[in-house]
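Peer 1: Sharing a structure here in structure tokens format.
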Amino acid sequence: METAAAFGSSFSSISYGPPNRFFRSGATRPEFLCFRSKSLISTPWVQGQQSISHVKLGNRKVNFVTRKGFLIRASMQSSDSAGSAAPIAPLQLESPIGQFLSQILTSHPHLVLAAVEQQLEQLQTDSDADKEKEEPSASGTDLVLYRISEVKANERRKALEEILYALVVQKFMDANVSLVPAIVPSSDNSGRVDTWPSQEGKLESLHSPEAYEMIQNHLALILGNRLGDSTSVAQISKLRVGQVYAASVMYGYFLKRVDQRFQLEKTMKILPQGINNEEIKIQQERNPSVERSDESLESAQPHPEVSSLSDGGFGPAMKPSRLRNYVMSFDGETLQRYATIRSKEAVSIIEKHTEALFGRPEIVITPEGTVDTSRDELIKISFGGLRRLVLEAVTFGSFLWDVESYVDSRYHFVAK
């Protein structure tokens with residue numbers, strides 16, 4: 001048995017950021033913790049309002065922006081009250097549309113897309129009807145009608161979130177990859193939580209070769225010198241594992257977005273010159289005279305990245321990547337746009353799914369304003385299990401980008 005301090009730079013160097021909770025009881029919106037590490041695997045957990053965090057690419061920084069969030073309530077209980085069947089995903093859907101899609105996913109998964117199309121048409125019809133209504137006047141009747149319209153709009157947003165989540169789950173099912181269930185100690189004597197299969201080969205096949213190079217670097221930064229160790233078991237803070245998972249989901253979303261553009265330009269043979277010249281890129285990264293994309297980003301909070309360039313160049317486990325060099329060729333405005341999670345619905349899905357998977361942590365703030373780690377719940381997990389979690393999280397983010405784009409093409413909700 002090992003502890004988190006015994007491996008890699010990521011978990012051993014993690015420290016807590018501003019003293020917040022994942023979610024405050026009774027709050028009107030979620031609040032999150034951030035963590036910091038030398039390897040830049042660090043992020044606030046998708047803050048409400050306008051949350052801004054950044055990544056480093058060489059000597060450049062870029063903000064990750066998430067739009068206004070809201071309070072979430074996620075259940076980790078199976079919808080099967082008799083407990084005869086395990087849920088297909090840790091988050092149980094609650095809206096009528098969500099519950100309907102859950103049943104379709106379980107019984108007739110091939111019909112999910114048709115059911116989603118039908119539900120989106122109905123949401124569009126309802127939305128158009130509400131838009132035709134005038135703003136409320138001073139009369140009490142109009143105000144009541146306006147409030148009813150607001151309630152309906154909130155119900156549509158919740159239904160839209162759960163449609164997105166159901167489509168992500170369906171993509172995992174189509175790939176024959178089972179999602180990791182809610183993290184609880186196993187019933188055997190080991191107490192390990194990672195009783196799930198690896199499925200690394202299946203997860204790898206869901207990404208392009210260029211994207212998987214960056215995912216491997218991401219894994220190297222998290223696991224450090226334990227990257228190739230699948231059997232050793234460590235005792236790690238559940239909170240910190242949850243933060244790494246959420247950070248990796250956000251990273252997967254960003255990675256799919258830039259890889260989509262990269263693959264298109266590669267097919268059209270219009271990639272920028274010098275993408276394959278890694279030595280030039282490394283020299284630029286180490287050159288302090290290179291202009292930052294936006295000096296105003298200095299005060300932004302950290303966000304997960306696959307690069308350890310803040311420590312100067314590549315670490316021993318890092319490998320140059322064509323896709324990474326391609327991203328570094330972006331101007332500051334383009335890079336910032338690609339680093340933005342486009343919809344509050346996507347932000348909420350990341351929040352809900354991660355809390356459903358890891359539960360709601362209990363965090364105590366000391367009088368000095370630091371986080372009291374004495375109450376951290378520790379879990380026993382192998383390094384192979386950690387690798388599986390990170391691979392799933394990155395894939396979840398990639399799928400989230402896909403389904404967000406698909407749904408937006410039929411029911412516009414993404415802010416431009």
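By order in the structure tokens, chains are A, B, ...; within a chain, residues start at 1; ligands start at 1, following the order shown.
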I want to know what sits within 12 Å of Ser382 of chain A, based on only C-alpha atoms, with residues of the same chain fewer than 4 positions away left out; could you give that as number ranges by chain?
Peer 2: A: 1-4, 7, 190-196, 198, 223, 226-236, 386-389
Peer 1: Would you pick out the contacts of segment 242-257 of chain A at 6 Å or less, using only C-alpha atoms, so that residues sharing its chain but fewer than 4 positions from it are not included, and give the list as a compact mmCIF listing (two decimals) with N, CA, C and O atoms, in the first residue's frame?
Peer 2:
# COMPACT_ATOMS: atom_id res chain seq x y z
N PRO A 304 -6.53 22.59 -16.32
CA PRO A 304 -5.74 21.44 -16.72
C PRO A 304 -5.13 21.62 -18.10
O PRO A 304 -5.75 22.13 -18.99
N ALA A 339 -10.74 27.44 -26.20
CA ALA A 339 -10.62 27.03 -24.81
C ALA A 339 -11.86 27.37 -23.99
O ALA A 339 -11.83 27.28 -22.77
N VAL A 390 -8.97 8.57 -15.82
CA VAL A 390 -8.57 9.73 -16.63
C VAL A 390 -8.93 9.52 -18.09
O VAL A 390 -9.43 10.42 -18.77
N ALA A 393 -12.57 10.07 -18.46
CA ALA A 393 -12.93 11.48 -18.33
C ALA A 393 -12.62 12.25 -19.60
O ALA A 393 -13.44 13.05 -20.07
N VAL A 394 -11.45 12.03 -20.18
CA VAL A 394 -11.10 12.72 -21.42
C VAL A 394 -12.07 12.33 -22.53
O VAL A 394 -12.51 13.18 -23.32
N PHE A 396 -15.15 11.31 -22.12
CA PHE A 396 -16.44 11.93 -21.78
C PHE A 396 -16.47 13.36 -22.31
O PHE A 396 -17.46 13.80 -22.90
N GLY A 397 -15.39 14.11 -22.08
CA GLY A 397 -15.34 15.48 -22.58
C GLY A 397 -15.38 15.55 -24.09
O GLY A 397 -16.04 16.43 -24.67
N SER A 398 -14.71 14.62 -24.75
CA SER A 398 -14.74 14.56 -26.21
C SER A 398 -16.15 14.29 -26.73
O SER A 398 -16.63 14.94 -27.66
N TRP A 401 -18.45 17.34 -26.37
CA TRP A 401 -18.32 18.30 -27.48
C TRP A 401 -19.15 17.83 -28.67
O TRP A 401 -19.86 18.62 -29.31
Peer 1: Using only C-alpha atoms, which of A:Lys238, A:Gln199, A:Ala415, A:Leu101 sits nearest Pro185 of chain A?
Peer 2: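 Using only C-alpha atoms, the shortest distance to Pro185 of chain A belongs to A:Lys238.
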Peer 1: Give me the residues near Leu206 of chain A as a PyMOL selection string, where near means some atom within 8 Å (using only C-alpha atoms) and where sequence neighbours in that chain fewer than 4 positions away do not count.
Peer 2: chain A and resi 175+202+395
Peer 1: Can you work out which one of A:Ser178, A:Leu160, A:Gln273, A:Gln260 has the shortest atom-to-atom distance to Glu121 of chain A, counting only C-alpha atoms?
Peer 2: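 Checking each of A:Ser178, A:Leu160, A:Gln273, A:Gln260 against Glu121 of chain A, counting only C-alpha atoms, the winner is A:Leu160.
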Peer 1: Extract the full set of helix (DSSP H, G or I) residues from segment 84-206 of chain A according to DSSP on the backbone, and format it as an NGL selection string.
Peer 2: :A and (96-107 or 109-131 or 140-174 or 200-204)
Peer 1: Please determine, counting only C-alpha atoms, which residue among A:Met328, A:Leu323, A:Ile365, A:Ile148 has the shortest atom-to-atom distance to Pro209 of chain A.
Peer 2: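 Residue with the minimum atom-to-atom distance to Pro209 of chain A: A:Leu323.
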Peer 1: Give me, as JSON, numbers by chain, all polymer residues having an atom no more than 7 Å from Pro181 of chain A, counting only C-alpha atoms and skipping those fewer than 6 positions away in the same chain.
Peer 2: {"A": [89, 90, 357]}
Peer 1: Quick one: write out the picked residues with N, CA, C and O atoms as an mmCIF file, in the first residue's frame?
Peer 2:
data_model
loop_
_atom_site.group_PDB
_atom_site.id
_atom_site.type_symbol
_atom_site.label_atom_id
_atom_site.label_comp_id
_atom_site.auth_asym_id
_atom_site.auth_seq_id
_atom_site.Cartn_x
_atom_site.Cartn_y
_atom_site.Cartn_z
ATOM 1 N N ALA A 89 -25.156 4.498 -15.939
ATOM 2 C CA ALA A 89 -24.351 5.693 -15.731
ATOM 3 C C ALA A 89 -24.533 6.136 -14.285
ATOM 4 O O ALA A 89 -25.581 5.890 -13.682
ATOM 5 N N PRO A 90 -23.539 6.790 -13.710
ATOM 6 C CA PRO A 90 -23.658 7.190 -12.303
ATOM 7 C C PRO A 90 -24.740 8.232 -12.046
ATOM 8 O O PRO A 90 -25.334 8.246 -10.972
ATOM 9 N N LEU A 357 -20.484 10.689 -9.517
ATOM 10 C CA LEU A 357 -19.448 9.661 -9.500
ATOM 11 C C LEU A 357 -18.696 9.627 -8.173
ATOM 12 O O LEU A 357 -18.427 8.547 -7.626
#
Peer 1: State, in Å with one decimal place, the distance from atom CA of Glu161 of chain A to atom CA of Ile349 of chain A.
Peer 2: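 For atom CA of Glu161 of chain A relative to atom CA of Ile349 of chain A, the distance reads 6.6 Å.
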Peer 1: Just want the 9 Å neighbourhood of Glu404 of chain A, counted on only C-alpha atoms, with same-chain residues fewer than 6 positions away dropped. Output as a ChimeraX atom specification.
Peer 2: /A:164,342-343,345-346,414
Peer 1: Using the selection just defined, write its residues with N, CA, C and O atoms as a short mmCIF file (atom, residue, chain, number, x, y, z; two decimals), in the first residue's frame.
Peer 2:
data_model
loop_
_atom_site.label_atom_id
_atom_site.label_comp_id
_atom_site.auth_asym_id
_atom_site.auth_seq_id
_atom_site.Cartn_x
_atom_site.Cartn_y
_atom_site.Cartn_z
N LEU A 164 -28.53 15.86 -23.51
CA LEU A 164 -27.09 15.82 -23.79
C LEU A 164 -26.42 14.67 -23.05
O LEU A 164 -25.60 13.93 -23.64
N ARG A 342 -18.72 26.09 -24.31
CA ARG A 342 -19.64 26.99 -24.99
C ARG A 342 -20.98 27.18 -24.28
O ARG A 342 -21.60 28.23 -24.41
N SER A 343 -21.46 26.19 -23.58
CA SER A 343 -22.82 26.30 -23.03
C SER A 343 -22.83 26.01 -21.54
O SER A 343 -22.03 25.21 -21.04
N GLU A 345 -25.13 24.43 -20.20
CA GLU A 345 -25.62 23.06 -20.08
C GLU A 345 -24.47 22.07 -20.03
O GLU A 345 -24.49 21.11 -19.24
N ALA A 346 -23.44 22.30 -20.83
CA ALA A 346 -22.26 21.42 -20.80
C ALA A 346 -21.54 21.54 -19.47
O ALA A 346 -21.08 20.54 -18.90
N VAL A 414 -26.47 27.08 -27.92
CA VAL A 414 -25.08 27.46 -27.64
C VAL A 414 -24.90 28.94 -27.94
O VAL A 414 -25.24 29.40 -29.02
#
